[in-house]
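To start, the structure itself, in structure tokens.
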2 protein chains.
Amino acid sequence: MIKLFVIKIGGNTLDDVDQRVAFLKNFTAIREPKILIHGGGKIATDIGMKLGIEPNYVQGRRITDEKTIELVTMVYGGLVNKTLVATLQQLGCNAMGMTGADGNMLKATRRAAKEIDFGFVGDVTPNSVNTALLLSLLKQNIVAVIAPLSHSEGAILNTNADTIASVMSIALSKHFDVRLIYCFEKKGVLRSVEDNDSVIHRLTKQHYDDLLQQNVLVDGILPKLENAFAAIQHGVKEVLIGNAHHVLKNTGMETEGTLITLN
Amino acid sequence: MIKLFVIKIGGNTLDDVDQRVAFLKNFTAIREPKILIHGGGKIATDIGMKLGIEPNYVQGRRITDEKTIELVTMVYGGLVNKTLVATLQQLGCNAMGMTGADGNMLKATRRAAKEIDFGFVGDVTPNSVNTALLLSLLKQNIVAVIAPLSHSEGAILNTNADTIASVMSIALSKHFDVRLIYCFEKKGVLRSVEDNDSVIHRLTKQHYDDLLQQNVLVDGILPKLENAFAAIQHGVKEVLIGNAHHVLKNTGMETEGTLITLN
């Protein structure tokens, strides 16, 4: 099967213009078929503050109320997404920005209000993905640039970008040899969070479970790892967690970062 | 040739949720291939005020400075566009929201700074339109929903929605019998601006030139009429200016509103 790269980019790389452009140049240089999924960055919080939209927490969990979903629809679906697309177009990469509502790309289940009402939050599985549309875009050499928003019953919903990357990779794994690459500010999964050079270069499920028991891993990396193992357990060929600067290297044979493997 | 409706919707209909949903239901009910182009509405001004972004005028002309293009990218490309798309998806219309940067749909020329520097403003012609992409979407029964934004050299640019509707109609007129419909709050072009029933049901270029000389037409309608006549003079089969409530009727044989004809 043909190789496909599903690449997720988050926070810091989006917020800083130099880092962002450097990343997008590397991304454009990837010659294989590819998809980009982006997170939000800090800009939504900054703009929310100016608009008087305070972050809303219940029992320590962030709530996406009506004002907040309007904010992230503007910022993630508008400003961040279109800034990436316009730059990619300039670099010669035929990018098409989308939320999950566009072309019914990602139809979610709105999270039911139980103990906590999370508000406008969508949960997605590989079945949520409009694989036919992604295949059609790939066939036309159009690079989908996906904002972390899904939809259900007329509403735009907030959805974790790491999870979107994982479910899209799984959905496409029937058609491609997918390598899912999570890009972030560290070099990979670290043995010691203070030491940026303590990268675990290969992480099996068994090793991961051991590290969990030893409480070695910091909270921030856990959802990413859950999504990574979900992908590798459901047909995605390779999952890699690494630094955004190394994205081009991490599409090759000799990778930096952490390669996730089943065993 | 197959009939295609290019429909432009603006201001008031977008701002009011009941009017908007009523319009989108009618739009969804149109059975022929169709494209929707939307304006901005007042919401950008409202959000801009909250963000402290003051409208910037030079010699009475509105300038799109850097803060303003960020604002309209958020509001037009994000909030307004995705709200329309999510509602259309709910109604069973497979909408895909786009700016001119997405898939290189609309590549503009940035307006040169002469006496006035208009800032981030893009001028477009029928040659700016990525007709192949529109044809591909139409073939997949995907309904493009276009925000009034184009792009050039890595920048998102502000572009008049009436003009986008006109140039897209012209670009598609080689492939379809295009009826371009401008929807707004009045019933059509009015003989007397105070009398909403004084609709001119048929307006030829000669008649239009006469009315211009007589100073009968109010300023607001002139750019729309310029775009309408540009379309009809360059291959678009029919152009109609009418009320948003009558959009479904205006796709049929017995139209309300003003039918623009060459002679």
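In the structure tokens, chains take letters A, B, ... by order of appearance, with residues numbered from 1 within each chain and ligands from 1 in the order shown.
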Close residues, Lys224 (chain B) itself excluded, 12 Å, only C-alpha atoms, min 3 positions apart in chain, as an mmCIF file with all heavy atoms, in the first residue's frame:
data_model
loop_
_atom_site.group_PDB
_atom_site.id
_atom_site.type_symbol
_atom_site.label_atom_id
_atom_site.label_comp_id
_atom_site.auth_asym_id
_atom_site.auth_seq_id
_atom_site.Cartn_x
_atom_site.Cartn_y
_atom_site.Cartn_z
ATOM 1 N N LYS B 8 -26.132 34.404 -3.676
ATOM 2 C CA LYS B 8 -25.409 35.236 -2.717
ATOM 3 C C LYS B 8 -26.382 35.734 -1.648
ATOM 4 O O LYS B 8 -27.464 36.232 -1.961
ATOM 5 C CB LYS B 8 -24.754 36.424 -3.432
ATOM 6 C CG LYS B 8 -23.812 37.205 -2.524
ATOM 7 C CD LYS B 8 -24.488 38.415 -1.935
ATOM 8 C CE LYS B 8 -23.641 39.081 -0.888
ATOM 9 N NZ LYS B 8 -24.219 40.367 -0.449
ATOM 10 N N GLY B 10 -26.667 37.991 2.059
ATOM 11 C CA GLY B 10 -25.923 39.018 2.792
ATOM 12 C C GLY B 10 -26.509 39.349 4.139
ATOM 13 O O GLY B 10 -27.364 38.622 4.666
ATOM 14 N N ASN B 160 -15.181 41.585 -1.825
ATOM 15 C CA ASN B 160 -16.625 41.791 -1.853
ATOM 16 C C ASN B 160 -17.374 40.529 -2.289
ATOM 17 O O ASN B 160 -17.048 39.941 -3.329
ATOM 18 C CB ASN B 160 -16.901 42.958 -2.819
ATOM 19 C CG ASN B 160 -18.365 43.290 -2.887
ATOM 20 O OD1 ASN B 160 -19.117 42.647 -3.607
ATOM 21 N ND2 ASN B 160 -18.773 44.273 -2.112
ATOM 22 N N ALA B 161 -18.361 40.148 -1.503
ATOM 23 C CA ALA B 161 -19.093 38.904 -1.783
ATOM 24 C C ALA B 161 -19.899 38.994 -3.082
ATOM 25 O O ALA B 161 -20.020 38.000 -3.812
ATOM 26 C CB ALA B 161 -20.016 38.566 -0.616
ATOM 27 N N ASP B 162 -20.467 40.175 -3.384
ATOM 28 C CA ASP B 162 -21.208 40.342 -4.646
ATOM 29 C C ASP B 162 -20.289 40.096 -5.844
ATOM 30 O O ASP B 162 -20.688 39.484 -6.839
ATOM 31 C CB ASP B 162 -21.762 41.770 -4.753
ATOM 32 C CG ASP B 162 -22.948 42.004 -3.822
ATOM 33 O OD1 ASP B 162 -23.458 41.022 -3.233
ATOM 34 O OD2 ASP B 162 -23.366 43.172 -3.684
ATOM 35 N N THR B 163 -19.059 40.585 -5.731
ATOM 36 C CA THR B 163 -18.093 40.406 -6.816
ATOM 37 C C THR B 163 -17.684 38.946 -6.951
ATOM 38 O O THR B 163 -17.572 38.415 -8.066
ATOM 39 C CB THR B 163 -16.853 41.294 -6.575
ATOM 40 O OG1 THR B 163 -17.288 42.638 -6.369
ATOM 41 C CG2 THR B 163 -15.906 41.244 -7.755
ATOM 42 N N ILE B 164 -17.470 38.280 -5.809
ATOM 43 C CA ILE B 164 -17.125 36.852 -5.856
ATOM 44 C C ILE B 164 -18.240 36.073 -6.558
ATOM 45 O O ILE B 164 -17.981 35.232 -7.430
ATOM 46 C CB ILE B 164 -16.888 36.290 -4.432
ATOM 47 C CG1 ILE B 164 -15.636 36.922 -3.810
ATOM 48 C CG2 ILE B 164 -16.746 34.761 -4.472
ATOM 49 C CD1 ILE B 164 -15.357 36.485 -2.373
ATOM 50 N N ALA B 165 -19.483 36.382 -6.209
ATOM 51 C CA ALA B 165 -20.621 35.681 -6.830
ATOM 52 C C ALA B 165 -20.615 35.905 -8.339
ATOM 53 O O ALA B 165 -20.857 34.980 -9.127
ATOM 54 C CB ALA B 165 -21.919 36.162 -6.210
ATOM 55 N N SER B 166 -20.327 37.131 -8.760
ATOM 56 C CA SER B 166 -20.309 37.467 -10.182
ATOM 57 C C SER B 166 -19.186 36.725 -10.920
ATOM 58 O O SER B 166 -19.419 36.083 -11.949
ATOM 59 C CB SER B 166 -20.164 38.980 -10.347
ATOM 60 O OG SER B 166 -20.072 39.328 -11.706
ATOM 61 N N LEU B 180 -27.547 33.482 -11.552
ATOM 62 C CA LEU B 180 -26.972 34.139 -10.374
ATOM 63 C C LEU B 180 -28.081 34.882 -9.663
ATOM 64 O O LEU B 180 -28.784 35.702 -10.277
ATOM 65 C CB LEU B 180 -25.867 35.096 -10.841
ATOM 66 C CG LEU B 180 -25.348 36.154 -9.861
ATOM 67 C CD1 LEU B 180 -24.746 35.518 -8.605
ATOM 68 C CD2 LEU B 180 -24.294 37.044 -10.559
ATOM 69 N N ILE B 181 -28.258 34.617 -8.379
ATOM 70 C CA ILE B 181 -29.332 35.267 -7.607
ATOM 71 C C ILE B 181 -28.729 36.024 -6.427
ATOM 72 O O ILE B 181 -28.112 35.424 -5.542
ATOM 73 C CB ILE B 181 -30.354 34.230 -7.081
ATOM 74 C CG1 ILE B 181 -30.906 33.393 -8.246
ATOM 75 C CG2 ILE B 181 -31.490 34.930 -6.335
ATOM 76 C CD1 ILE B 181 -31.890 32.307 -7.814
ATOM 77 N N TYR B 182 -28.896 37.344 -6.458
ATOM 78 C CA TYR B 182 -28.501 38.168 -5.312
ATOM 79 C C TYR B 182 -29.695 38.297 -4.381
ATOM 80 O O TYR B 182 -30.727 38.863 -4.766
ATOM 81 C CB TYR B 182 -28.072 39.558 -5.774
ATOM 82 C CG TYR B 182 -26.716 39.592 -6.453
ATOM 83 C CD1 TYR B 182 -26.594 39.854 -7.811
ATOM 84 C CD2 TYR B 182 -25.556 39.373 -5.720
ATOM 85 C CE1 TYR B 182 -25.348 39.895 -8.433
ATOM 86 C CE2 TYR B 182 -24.307 39.415 -6.334
ATOM 87 C CZ TYR B 182 -24.219 39.674 -7.680
ATOM 88 O OH TYR B 182 -22.989 39.713 -8.277
ATOM 89 N N CYS B 183 -29.548 37.769 -3.166
ATOM 90 C CA CYS B 183 -30.625 37.879 -2.174
ATOM 91 C C CYS B 183 -30.320 39.017 -1.214
ATOM 92 O O CYS B 183 -29.209 39.092 -0.679
ATOM 93 C CB CYS B 183 -30.731 36.596 -1.365
ATOM 94 S SG CYS B 183 -31.191 35.175 -2.341
ATOM 95 N N PHE B 184 -31.292 39.854 -0.981
ATOM 96 C CA PHE B 184 -31.119 40.886 0.050
ATOM 97 C C PHE B 184 -32.463 41.183 0.694
ATOM 98 O O PHE B 184 -33.412 40.397 0.550
ATOM 99 C CB PHE B 184 -30.353 42.094 -0.474
ATOM 100 C CG PHE B 184 -31.051 42.973 -1.481
ATOM 101 C CD1 PHE B 184 -30.706 44.318 -1.610
ATOM 102 C CD2 PHE B 184 -32.051 42.481 -2.304
ATOM 103 C CE1 PHE B 184 -31.329 45.132 -2.531
ATOM 104 C CE2 PHE B 184 -32.680 43.298 -3.233
ATOM 105 C CZ PHE B 184 -32.318 44.629 -3.338
ATOM 106 N N GLY B 188 -36.425 43.697 -4.629
ATOM 107 C CA GLY B 188 -35.714 43.777 -5.900
ATOM 108 C C GLY B 188 -35.165 45.185 -6.061
ATOM 109 O O GLY B 188 -35.083 45.942 -5.085
ATOM 110 N N VAL B 189 -34.794 45.526 -7.287
ATOM 111 C CA VAL B 189 -34.377 46.900 -7.560
ATOM 112 C C VAL B 189 -35.648 47.756 -7.585
ATOM 113 O O VAL B 189 -36.612 47.420 -8.275
ATOM 114 C CB VAL B 189 -33.634 46.990 -8.911
ATOM 115 C CG1 VAL B 189 -33.185 48.428 -9.174
ATOM 116 C CG2 VAL B 189 -32.433 46.046 -8.928
ATOM 117 N N LEU B 217 -31.542 55.627 -8.877
ATOM 118 C CA LEU B 217 -31.069 54.512 -8.052
ATOM 119 C C LEU B 217 -30.229 55.008 -6.881
ATOM 120 O O LEU B 217 -29.433 55.936 -7.034
ATOM 121 C CB LEU B 217 -30.248 53.550 -8.920
ATOM 122 C CG LEU B 217 -31.022 52.966 -10.105
ATOM 123 C CD1 LEU B 217 -30.077 52.268 -11.060
ATOM 124 C CD2 LEU B 217 -32.109 52.017 -9.629
ATOM 125 N N VAL B 218 -30.425 54.368 -5.728
ATOM 126 C CA VAL B 218 -29.639 54.763 -4.554
ATOM 127 C C VAL B 218 -28.273 54.084 -4.604
ATOM 128 O O VAL B 218 -28.105 53.024 -5.206
ATOM 129 C CB VAL B 218 -30.364 54.408 -3.237
ATOM 130 C CG1 VAL B 218 -31.592 55.292 -3.065
ATOM 131 C CG2 VAL B 218 -30.728 52.953 -3.179
ATOM 132 N N ASP B 219 -27.319 54.715 -3.935
ATOM 133 C CA ASP B 219 -25.927 54.261 -3.991
ATOM 134 C C ASP B 219 -25.758 52.775 -3.668
ATOM 135 O O ASP B 219 -24.991 52.073 -4.331
ATOM 136 C CB ASP B 219 -25.074 55.068 -3.002
ATOM 137 C CG ASP B 219 -24.740 56.438 -3.566
ATOM 138 O OD1 ASP B 219 -25.151 56.703 -4.718
ATOM 139 O OD2 ASP B 219 -24.088 57.216 -2.859
ATOM 140 N N GLY B 220 -26.472 52.309 -2.649
ATOM 141 C CA GLY B 220 -26.275 50.942 -2.153
ATOM 142 C C GLY B 220 -26.449 49.870 -3.205
ATOM 143 O O GLY B 220 -25.774 48.836 -3.175
ATOM 144 N N ILE B 221 -27.349 50.096 -4.148
ATOM 145 C CA ILE B 221 -27.657 49.071 -5.142
ATOM 146 C C ILE B 221 -26.669 49.091 -6.317
ATOM 147 O O ILE B 221 -26.565 48.103 -7.064
ATOM 148 C CB ILE B 221 -29.121 49.243 -5.645
ATOM 149 C CG1 ILE B 221 -29.635 47.989 -6.376
ATOM 150 C CG2 ILE B 221 -29.259 50.462 -6.541
ATOM 151 C CD1 ILE B 221 -30.005 46.860 -5.482
ATOM 152 N N ASN B 227 -22.032 44.446 -10.700
ATOM 153 C CA ASN B 227 -21.668 43.024 -10.712
ATOM 154 C C ASN B 227 -22.665 42.199 -11.507
ATOM 155 O O ASN B 227 -22.293 41.240 -12.187
ATOM 156 C CB ASN B 227 -21.569 42.499 -9.275
ATOM 157 C CG ASN B 227 -20.258 42.874 -8.610
ATOM 158 O OD1 ASN B 227 -19.196 42.602 -9.146
ATOM 159 N ND2 ASN B 227 -20.331 43.518 -7.464
ATOM 160 N N ALA B 228 -23.938 42.558 -11.410
ATOM 161 C CA ALA B 228 -24.982 41.830 -12.132
ATOM 162 C C ALA B 228 -24.785 41.981 -13.640
ATOM 163 O O ALA B 228 -24.820 40.994 -14.385
ATOM 164 C CB ALA B 228 -26.355 42.351 -11.716
ATOM 165 N N PHE B 229 -24.570 43.212 -14.105
ATOM 166 C CA PHE B 229 -24.392 43.434 -15.549
ATOM 167 C C PHE B 229 -23.072 42.843 -16.047
ATOM 168 O O PHE B 229 -22.993 42.331 -17.167
ATOM 169 C CB PHE B 229 -24.534 44.916 -15.899
ATOM 170 C CG PHE B 229 -25.977 45.332 -16.011
ATOM 171 C CD1 PHE B 229 -26.577 46.109 -15.035
ATOM 172 C CD2 PHE B 229 -26.756 44.900 -17.084
ATOM 173 C CE1 PHE B 229 -27.919 46.459 -15.120
ATOM 174 C CE2 PHE B 229 -28.109 45.250 -17.179
ATOM 175 C CZ PHE B 229 -28.695 46.035 -16.196
ATOM 176 N N ALA B 230 -22.029 42.887 -15.210
ATOM 177 C CA ALA B 230 -20.772 42.227 -15.594
ATOM 178 C C ALA B 230 -21.023 40.748 -15.860
ATOM 179 O O ALA B 230 -20.530 40.178 -16.846
ATOM 180 C CB ALA B 230 -19.723 42.403 -14.498
ATOM 181 N N ALA B 231 -21.829 40.126 -14.997
ATOM 182 C CA ALA B 231 -22.122 38.689 -15.154
ATOM 183 C C ALA B 231 -22.898 38.434 -16.440
ATOM 184 O O ALA B 231 -22.528 37.564 -17.241
ATOM 185 C CB ALA B 231 -22.908 38.190 -13.939
ATOM 186 N N VAL B 239 -29.490 36.740 -14.355
ATOM 187 C CA VAL B 239 -29.148 37.331 -13.062
ATOM 188 C C VAL B 239 -30.424 37.908 -12.468
ATOM 189 O O VAL B 239 -31.190 38.579 -13.168
ATOM 190 C CB VAL B 239 -28.082 38.440 -13.178
ATOM 191 C CG1 VAL B 239 -27.701 38.953 -11.797
ATOM 192 C CG2 VAL B 239 -26.856 37.934 -13.918
ATOM 193 N N LEU B 240 -30.628 37.636 -11.203
ATOM 194 C CA LEU B 240 -31.837 38.071 -10.537
ATOM 195 C C LEU B 240 -31.483 38.696 -9.196
ATOM 196 O O LEU B 240 -30.621 38.183 -8.477
ATOM 197 C CB LEU B 240 -32.730 36.846 -10.325
ATOM 198 C CG LEU B 240 -34.204 37.159 -10.155
ATOM 199 C CD1 LEU B 240 -35.013 36.337 -11.146
ATOM 200 C CD2 LEU B 240 -34.653 36.914 -8.754
ATOM 201 N N ILE B 241 -32.121 39.815 -8.894
ATOM 202 C CA ILE B 241 -31.913 40.473 -7.604
ATOM 203 C C ILE B 241 -33.246 40.459 -6.871
ATOM 204 O O ILE B 241 -34.239 40.995 -7.389
ATOM 205 C CB ILE B 241 -31.419 41.923 -7.795
ATOM 206 C CG1 ILE B 241 -30.090 41.913 -8.556
ATOM 207 C CG2 ILE B 241 -31.286 42.637 -6.458
ATOM 208 C CD1 ILE B 241 -29.531 43.298 -8.853
ATOM 209 N N GLY B 242 -33.287 39.814 -5.693
ATOM 210 C CA GLY B 242 -34.578 39.697 -5.021
ATOM 211 C C GLY B 242 -34.453 39.461 -3.528
ATOM 212 O O GLY B 242 -33.346 39.414 -2.974
ATOM 213 N N THR B 258 -36.041 41.389 -9.467
ATOM 214 C CA THR B 258 -35.628 42.064 -10.696
ATOM 215 C C THR B 258 -34.774 41.134 -11.545
ATOM 216 O O THR B 258 -33.708 40.690 -11.108
ATOM 217 C CB THR B 258 -34.802 43.324 -10.348
ATOM 218 O OG1 THR B 258 -35.610 44.182 -9.538
ATOM 219 C CG2 THR B 258 -34.371 44.057 -11.609
ATOM 220 N N ILE B 260 -32.310 40.727 -14.508
ATOM 221 C CA ILE B 260 -31.366 41.553 -15.266
ATOM 222 C C ILE B 260 -31.207 40.935 -16.653
ATOM 223 O O ILE B 260 -30.899 39.741 -16.756
ATOM 224 C CB ILE B 260 -30.002 41.585 -14.558
ATOM 225 C CG1 ILE B 260 -30.141 42.029 -13.096
ATOM 226 C CG2 ILE B 260 -28.991 42.427 -15.320
ATOM 227 C CD1 ILE B 260 -30.565 43.451 -12.899
#
Distance cut-off 9 Å, counting only C-alpha atoms - which residues of chain A neighbour chain B? Return them as a compact mmCIF listing (two decimals) with N, CA, C and O atoms, in the first residue's frame.
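Output (selection-v3.txt):
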# COMPACT_ATOMS: atom_id res chain seq x y z
N ILE A 47 -7.72 35.83 22.79
CA ILE A 47 -8.84 36.53 22.17
C ILE A 47 -10.08 36.42 23.07
O ILE A 47 -10.83 37.38 23.23
N LYS A 50 -9.98 39.06 25.73
CA LYS A 50 -10.37 40.38 25.21
C LYS A 50 -11.88 40.48 25.02
O LYS A 50 -12.47 41.55 25.16
N LEU A 51 -12.51 39.35 24.65
CA LEU A 51 -13.97 39.35 24.45
C LEU A 51 -14.72 39.13 25.75
O LEU A 51 -15.95 39.08 25.76
N GLY A 52 -13.97 38.99 26.85
CA GLY A 52 -14.63 38.78 28.14
C GLY A 52 -15.19 37.39 28.30
O GLY A 52 -16.11 37.16 29.08
N GLU A 70 -18.40 29.44 20.16
CA GLU A 70 -18.32 30.52 19.15
C GLU A 70 -16.87 31.00 19.02
O GLU A 70 -16.37 31.22 17.91
N LEU A 71 -16.22 31.15 20.17
CA LEU A 71 -14.83 31.61 20.17
C LEU A 71 -13.91 30.64 19.42
O LEU A 71 -13.14 31.05 18.55
N VAL A 72 -14.01 29.36 19.74
CA VAL A 72 -13.08 28.41 19.10
C VAL A 72 -13.45 28.16 17.64
O VAL A 72 -12.58 27.84 16.82
N THR A 73 -14.73 28.32 17.31
CA THR A 73 -15.10 28.23 15.89
C THR A 73 -14.44 29.36 15.11
O THR A 73 -13.92 29.14 14.01
N MET A 74 -14.44 30.56 15.69
CA MET A 74 -13.76 31.70 15.06
C MET A 74 -12.26 31.46 14.98
O MET A 74 -11.65 31.65 13.93
N VAL A 75 -11.67 31.08 16.11
CA VAL A 75 -10.21 31.07 16.20
C VAL A 75 -9.63 29.81 15.55
O VAL A 75 -8.74 29.90 14.71
N TYR A 76 -10.13 28.62 15.91
CA TYR A 76 -9.58 27.39 15.34
C TYR A 76 -10.01 27.25 13.86
O TYR A 76 -9.20 26.99 12.98
N GLY A 77 -11.34 27.39 13.64
CA GLY A 77 -11.88 27.17 12.29
C GLY A 77 -11.60 28.32 11.35
O GLY A 77 -11.56 28.14 10.13
N GLY A 78 -11.43 29.53 11.91
CA GLY A 78 -11.18 30.71 11.08
C GLY A 78 -9.72 31.10 11.08
O GLY A 78 -8.96 30.74 10.18
N LEU A 79 -9.29 31.81 12.12
CA LEU A 79 -7.97 32.43 12.12
C LEU A 79 -6.82 31.42 11.99
O LEU A 79 -5.98 31.54 11.09
N VAL A 80 -6.78 30.44 12.87
CA VAL A 80 -5.64 29.50 12.87
C VAL A 80 -5.65 28.67 11.58
O VAL A 80 -4.65 28.56 10.87
N ASN A 81 -6.82 28.12 11.25
CA ASN A 81 -6.91 27.25 10.07
C ASN A 81 -6.55 27.99 8.79
O ASN A 81 -5.76 27.51 7.97
N LYS A 82 -7.10 29.19 8.60
CA LYS A 82 -6.87 29.91 7.35
C LYS A 82 -5.46 30.50 7.27
O LYS A 82 -4.91 30.66 6.17
N THR A 83 -4.87 30.84 8.42
CA THR A 83 -3.48 31.29 8.42
C THR A 83 -2.56 30.16 7.94
O THR A 83 -1.67 30.39 7.11
N LEU A 84 -2.81 28.95 8.42
CA LEU A 84 -2.02 27.79 7.97
C LEU A 84 -2.24 27.56 6.47
O LEU A 84 -1.28 27.36 5.72
N VAL A 85 -3.49 27.60 6.04
CA VAL A 85 -3.81 27.31 4.64
C VAL A 85 -3.18 28.34 3.71
O VAL A 85 -2.58 27.98 2.68
N ALA A 86 -3.30 29.62 4.06
CA ALA A 86 -2.75 30.67 3.19
C ALA A 86 -1.24 30.53 3.06
O ALA A 86 -0.68 30.67 1.96
N THR A 87 -0.55 30.23 4.17
CA THR A 87 0.90 30.04 4.12
C THR A 87 1.26 28.81 3.28
O THR A 87 2.17 28.86 2.45
N LEU A 88 0.53 27.71 3.49
CA LEU A 88 0.81 26.50 2.70
C LEU A 88 0.60 26.76 1.21
O LEU A 88 1.39 26.32 0.37
N GLN A 89 -0.46 27.48 0.86
CA GLN A 89 -0.69 27.81 -0.55
C GLN A 89 0.50 28.58 -1.11
O GLN A 89 0.96 28.33 -2.23
N GLN A 90 1.00 29.54 -0.32
CA GLN A 90 2.15 30.32 -0.77
C GLN A 90 3.38 29.44 -0.99
O GLN A 90 4.17 29.68 -1.91
N LEU A 91 3.51 28.42 -0.15
CA LEU A 91 4.66 27.51 -0.24
C LEU A 91 4.51 26.47 -1.35
O LEU A 91 5.40 25.66 -1.59
N ASN A 94 -1.07 22.55 -1.91
CA ASN A 94 -2.49 22.85 -2.16
C ASN A 94 -3.36 22.41 -0.98
O ASN A 94 -4.00 21.37 -1.00
N ALA A 95 -3.37 23.27 0.05
CA ALA A 95 -4.08 22.96 1.29
C ALA A 95 -5.55 23.35 1.21
O ALA A 95 -5.90 24.32 0.54
N MET A 96 -6.37 22.58 1.88
CA MET A 96 -7.80 22.89 2.00
C MET A 96 -8.17 22.79 3.47
O MET A 96 -8.11 21.71 4.07
N GLY A 97 -8.52 23.92 4.06
CA GLY A 97 -8.88 23.96 5.47
C GLY A 97 -10.29 23.47 5.70
O GLY A 97 -11.19 23.78 4.93
N MET A 98 -10.48 22.71 6.75
CA MET A 98 -11.80 22.15 7.04
C MET A 98 -12.02 22.01 8.54
O MET A 98 -11.09 21.72 9.28
N THR A 99 -13.28 22.16 8.94
CA THR A 99 -13.72 21.65 10.23
C THR A 99 -14.43 20.33 9.95
O THR A 99 -14.65 19.96 8.80
N ALA A 101 -17.48 19.81 10.21
CA ALA A 101 -18.78 20.04 9.56
C ALA A 101 -18.63 20.10 8.04
O ALA A 101 -19.56 19.73 7.30
N ASP A 102 -17.50 20.56 7.57
CA ASP A 102 -17.30 20.79 6.13
C ASP A 102 -17.26 19.47 5.37
O ASP A 102 -16.41 18.61 5.62
N GLY A 103 -18.21 19.33 4.46
CA GLY A 103 -18.32 18.07 3.72
C GLY A 103 -18.66 16.90 4.62
O GLY A 103 -18.43 15.75 4.25
N ASN A 104 -19.18 17.20 5.82
CA ASN A 104 -19.49 16.15 6.80
C ASN A 104 -18.26 15.29 7.09
O ASN A 104 -18.33 14.07 7.21
N ILE A 142 -4.97 17.26 -2.96
CA ILE A 142 -5.34 18.34 -2.05
C ILE A 142 -5.01 17.87 -0.63
O ILE A 142 -5.32 16.75 -0.25
N VAL A 143 -4.34 18.76 0.12
CA VAL A 143 -3.91 18.43 1.47
C VAL A 143 -4.93 18.98 2.47
O VAL A 143 -5.05 20.19 2.64
N ALA A 144 -5.67 18.09 3.11
CA ALA A 144 -6.65 18.52 4.11
C ALA A 144 -5.93 19.08 5.34
O ALA A 144 -4.98 18.47 5.83
N HIS A 151 -18.91 18.03 14.30
CA HIS A 151 -20.27 18.57 14.29
C HIS A 151 -21.29 17.46 14.58
O HIS A 151 -21.00 16.27 14.41
N SER A 152 -22.45 17.90 15.05
CA SER A 152 -23.57 17.00 15.27
C SER A 152 -24.85 17.83 15.36
O SER A 152 -24.89 18.83 16.07
N GLU A 153 -25.86 17.42 14.63
CA GLU A 153 -27.19 18.03 14.71
C GLU A 153 -27.17 19.56 14.67
O GLU A 153 -27.80 20.23 15.49
N GLY A 154 -26.45 20.09 13.73
CA GLY A 154 -26.46 21.53 13.50
C GLY A 154 -25.50 22.32 14.35
O GLY A 154 -25.40 23.53 14.20
N ALA A 155 -24.78 21.64 15.25
CA ALA A 155 -23.85 22.36 16.14
C ALA A 155 -22.40 22.00 15.82
O ALA A 155 -22.09 20.85 15.52
N ILE A 156 -21.56 23.01 15.88
CA ILE A 156 -20.11 22.78 15.86
C ILE A 156 -19.69 22.34 17.26
O ILE A 156 -20.16 22.91 18.25
To test your reading of the structure, identify every residue in region 28-249 of chain A that backbone DSSP assigns to alpha helix (DSSP H), and report it as an NGL selection string.
:A and (28-29 or 43-50 or 66-74 or 81-91 or 131-139 or 161-172 or 205-213 or 222-233)
Would you mind listing what lies within 6 Å of Val121 (chain B) as a list in words, with only C-alpha atoms counted and same-chain residues fewer than 2 positions away left out?
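The contact residues come out as Arg110, Arg111, Gly119, Leu157 and Asn158 of chain B.
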Save the residues we just selected, N, CA and C atoms, as a JSON list (two decimals), in the first residue's frame?
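Full text of part.json as output:
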[["chain", "number", "residue", "atom", "x", "y", "z"],
["B", 110, "ARG", "N", -3.67, 41.43, -4.87],
["B", 110, "ARG", "CA", -3.81, 42.39, -3.78],
["B", 110, "ARG", "C", -3.85, 43.80, -4.35],
["B", 111, "ARG", "N", -4.84, 44.58, -3.92],
["B", 111, "ARG", "CA", -5.03, 45.92, -4.47],
["B", 111, "ARG", "C", -3.81, 46.79, -4.15],
["B", 119, "GLY", "N", -5.11, 48.22, 2.22],
["B", 119, "GLY", "CA", -4.68, 47.17, 3.13],
["B", 119, "GLY", "C", -4.90, 45.80, 2.52],
["B", 157, "LEU", "N", -7.23, 37.85, 2.08],
["B", 157, "LEU", "CA", -7.63, 39.19, 1.65],
["B", 157, "LEU", "C", -9.16, 39.34, 1.68],
["B", 158, "ASN", "N", -9.59, 40.50, 2.06],
["B", 158, "ASN", "CA", -11.01, 40.87, 2.09],
["B", 158, "ASN", "C", -11.48, 41.11, 0.65]]
Which of region 63-125 of chain A end up as strand (DSSP E or B) when DSSP is run on this backbone - answer as a ChimeraX atom specification?
/A:63-64,95-98,106-107,109-110,119,121-123
Nearby residues (only C-alpha atoms) at most 9 Å from region 14-30 of chain B, same-chain spacing under 6 positions excluded, as a ChimeraX atom specification
/B:5,7,36,38-43,80,84,87-88,91-93,244-248,251
I'd like the contact shell of Ala171 (chain B) - 9 Å cut-off, only C-alpha atoms, skipping same-chain residues fewer than 4 positions apart - returned as a list in words.
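Once the adjacent positions are removed, what remains is Thr125, Pro126, Asn127, Ser128, Val129, Asn130, Thr131, Ser166, Val167, His175, Gly235 and Val236 of chain B.
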Counting only C-alpha atoms, what is within 12 Å of Arg62 (chain A), bar same-chain residues fewer than 5 positions away, as a count of residues only?
12
Which of these, B:Leu212, B:Phe176, B:Asn250, B:Ile170, has the shortest distance to Gln233 (chain B) once you count only C-alpha atoms?
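Closest candidate: B:Ile170.
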